Structure formats: structure tokens, C-alpha cells
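Visitor: Pasting in a structure now, in C-alpha cells, and then I'll have a few things to ask.
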Amino acid sequence: TSYVFQIMGYMMLFETEYAEITMLKDGRNFEVIPIERNDMIVDQIENECGEFWHRVEQAKELIEDGVDFTHLEPNPSLKKDLEQMQEQK
């Protein structure tokens with residue numbers, strides 16, 4: 001069911017009312033799953049994205065004002081990814 005939110009996000013972006021997911025069950029049985037737009041889910045996705053983008057914009061303003069964020073620790077679950085990215089530079 002986690003794919004439902006991803007599909008709803010695509011439906012929001014492409015302004016569609018209907019989508020289908022296709023899959024092979026047991027590697028040989030082709031299945032098509034129809035999905036109709038759920039405006040409650042789409043509204044929730046849109047609101048969460050809007051709140052996230054508002055926080056991004058606030059952070060950009062703080063950076064432009066010279067606020068130093070170097071003392072902050074990255075999210076522990078992302079720390080390893082950040083270290084790997086820095087090693088690749």
C-alpha cells in the first residue's frame with residue numbers, strides 16, 4: 001500500500017483522475033491494479049509539500065542573513081550518506 005502515496009503524488013502532478021499499476025505476481029502472472037484519485041490524500045500530500053517548501057525558504061533566508069548552521073548535527077539516519085557524499089568530492 002505504500003505505493004498509493006507515490007501514485008497519488010504523480011496523479012496530483014499530472015492532474016489525472018486514474019492510474020494503473022502493473023506487476024508480475026509470482027514472476028509469471030500479469031496483474032493490473034486500477035487506482036482512482038483520492039482527493040483527501042492528494043490534499044494531504046500537497047499540504048505537507050507546501051509546509052516542507054516553506055521551511056526550505058525560511059532556511060534560505062537565514063543563510064542569506066549569515067546564520068551559521070555548521071554547529072548542527074545531521075539527522076543520524078542521513079549522517080552516513082552525508083559522509084559518503086563528502087568522500088566522493
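In the C-alpha cells, each chain is lettered A, B, ... as it comes, each chain's residues begin at 1, and ligands are numbered from 1 in order of appearance.
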With a distance cut-off of 9 Å and only C-alpha atoms, select the neighbouring residues of A:Ile7, excluding the residue or stretch itself and same-chain residues fewer than 5 positions from it, and output the selection as a PDB file with C-alpha atoms, in the first residue's frame.
Guide:
```pdb
ATOM      1  CA  MET A  12      -1.504  15.325  -8.398  1.00  0.00           C
ATOM      2  CA  ALA A  19      -3.810   5.415 -12.765  1.00  0.00           C
ATOM      3  CA  GLU A  20      -2.812   1.790 -13.094  1.00  0.00           C
ATOM      4  CA  ILE A  21      -0.003  -0.213 -11.585  1.00  0.00           C
ATOM      5  CA  ILE A  35      -6.242   3.309  -8.745  1.00  0.00           C
ATOM      6  CA  ARG A  37      -7.643   9.612  -7.320  1.00  0.00           C
TER       7      ARG A  37
END
```
Visitor: Could you pull out the residues in stretch 4-86 of chain A that DSSP calls strand (DSSP E or B) from the backbone, as a PDB file with N, CA and C atoms, in the first residue's frame?
Guide:
```pdb
ATOM      1  N   TYR A  18      -7.068   8.941 -12.661  1.00  0.00           N
ATOM      2  CA  TYR A  18      -6.988   7.486 -12.688  1.00  0.00           C
ATOM      3  C   TYR A  18      -5.570   7.058 -13.050  1.00  0.00           C
ATOM      4  N   ALA A  19      -5.125   5.981 -12.437  1.00  0.00           N
ATOM      5  CA  ALA A  19      -3.810   5.415 -12.765  1.00  0.00           C
ATOM      6  C   ALA A  19      -3.896   3.898 -12.660  1.00  0.00           C
ATOM      7  N   GLU A  20      -2.900   3.245 -13.195  1.00  0.00           N
ATOM      8  CA  GLU A  20      -2.812   1.790 -13.094  1.00  0.00           C
ATOM      9  C   GLU A  20      -1.394   1.398 -12.720  1.00  0.00           C
ATOM     10  N   ILE A  21      -1.295   0.394 -11.892  1.00  0.00           N
ATOM     11  CA  ILE A  21      -0.003  -0.213 -11.585  1.00  0.00           C
ATOM     12  C   ILE A  21      -0.043  -1.614 -12.169  1.00  0.00           C
ATOM     13  N   THR A  22       1.010  -1.981 -12.852  1.00  0.00           N
ATOM     14  CA  THR A  22       1.089  -3.337 -13.393  1.00  0.00           C
ATOM     15  C   THR A  22       2.204  -4.082 -12.685  1.00  0.00           C
ATOM     16  N   MET A  23       2.000  -5.381 -12.519  1.00  0.00           N
ATOM     17  CA  MET A  23       3.030  -6.189 -11.856  1.00  0.00           C
ATOM     18  C   MET A  23       2.936  -7.632 -12.308  1.00  0.00           C
ATOM     19  N   LEU A  24       4.021  -8.326 -12.097  1.00  0.00           N
ATOM     20  CA  LEU A  24       4.050  -9.767 -12.313  1.00  0.00           C
ATOM     21  C   LEU A  24       3.975 -10.440 -10.963  1.00  0.00           C
ATOM     22  N   LYS A  25       2.938 -11.191 -10.736  1.00  0.00           N
ATOM     23  CA  LYS A  25       2.805 -11.955  -9.494  1.00  0.00           C
ATOM     24  C   LYS A  25       3.439 -13.316  -9.700  1.00  0.00           C
ATOM     25  N   ASN A  29       2.396 -14.145 -13.553  1.00  0.00           N
ATOM     26  CA  ASN A  29       1.001 -13.741 -13.669  1.00  0.00           C
ATOM     27  C   ASN A  29       0.900 -12.220 -13.713  1.00  0.00           C
ATOM     28  N   PHE A  30       0.537 -11.699 -14.876  1.00  0.00           N
ATOM     29  CA  PHE A  30       0.439 -10.255 -15.087  1.00  0.00           C
ATOM     30  C   PHE A  30      -0.828  -9.744 -14.420  1.00  0.00           C
ATOM     31  N   GLU A  31      -0.677  -8.675 -13.624  1.00  0.00           N
ATOM     32  CA  GLU A  31      -1.827  -8.114 -12.929  1.00  0.00           C
ATOM     33  C   GLU A  31      -1.837  -6.599 -13.095  1.00  0.00           C
ATOM     34  N   VAL A  32      -3.018  -6.037 -13.289  1.00  0.00           N
ATOM     35  CA  VAL A  32      -3.196  -4.591 -13.396  1.00  0.00           C
ATOM     36  C   VAL A  32      -4.055  -4.144 -12.218  1.00  0.00           C
ATOM     37  N   ILE A  33      -3.544  -3.174 -11.465  1.00  0.00           N
ATOM     38  CA  ILE A  33      -4.273  -2.662 -10.311  1.00  0.00           C
ATOM     39  C   ILE A  33      -4.737  -1.246 -10.642  1.00  0.00           C
ATOM     40  N   PRO A  34      -6.051  -1.044 -10.771  1.00  0.00           N
ATOM     41  CA  PRO A  34      -6.558   0.310 -11.041  1.00  0.00           C
ATOM     42  C   PRO A  34      -6.585   1.139  -9.764  1.00  0.00           C
ATOM     43  N   ILE A  35      -6.249   2.411  -9.895  1.00  0.00           N
ATOM     44  CA  ILE A  35      -6.242   3.309  -8.745  1.00  0.00           C
ATOM     45  C   ILE A  35      -6.952   4.596  -9.140  1.00  0.00           C
ATOM     46  N   GLU A  36      -7.959   4.950  -8.373  1.00  0.00           N
ATOM     47  CA  GLU A  36      -8.660   6.212  -8.605  1.00  0.00           C
ATOM     48  C   GLU A  36      -8.127   7.269  -7.651  1.00  0.00           C
TER      49      GLU A  36
END
```
Visitor: Go ahead and compute the interatomic distance for atom CA of A:Asp43 and atom CA of A:Ser77, in Å to one decimal.
Guide: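 Separating atom CA of A:Asp43 from atom CA of A:Ser77 is a distance of 28.1 Å.
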Visitor: Apply DSSP to the backbone of this structure and, from chain A, keep only the residues in alpha helix (DSSP H); write these as a PyMOL selection string.
Guide: chain A and resi 3-14+39-64+76-88
Visitor: Please report the interatomic distance between atom CA of A:Ile63 and atom CA of A:Met85 in Å with one decimal.
Guide: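 These two atoms are separated by 21.4 Å.
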Visitor: Just how far from atom CA of A:Gln44 is atom CA of A:Pro76, in Å to one decimal?
Guide: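 That distance, rounded to one decimal, is 26.8 Å.
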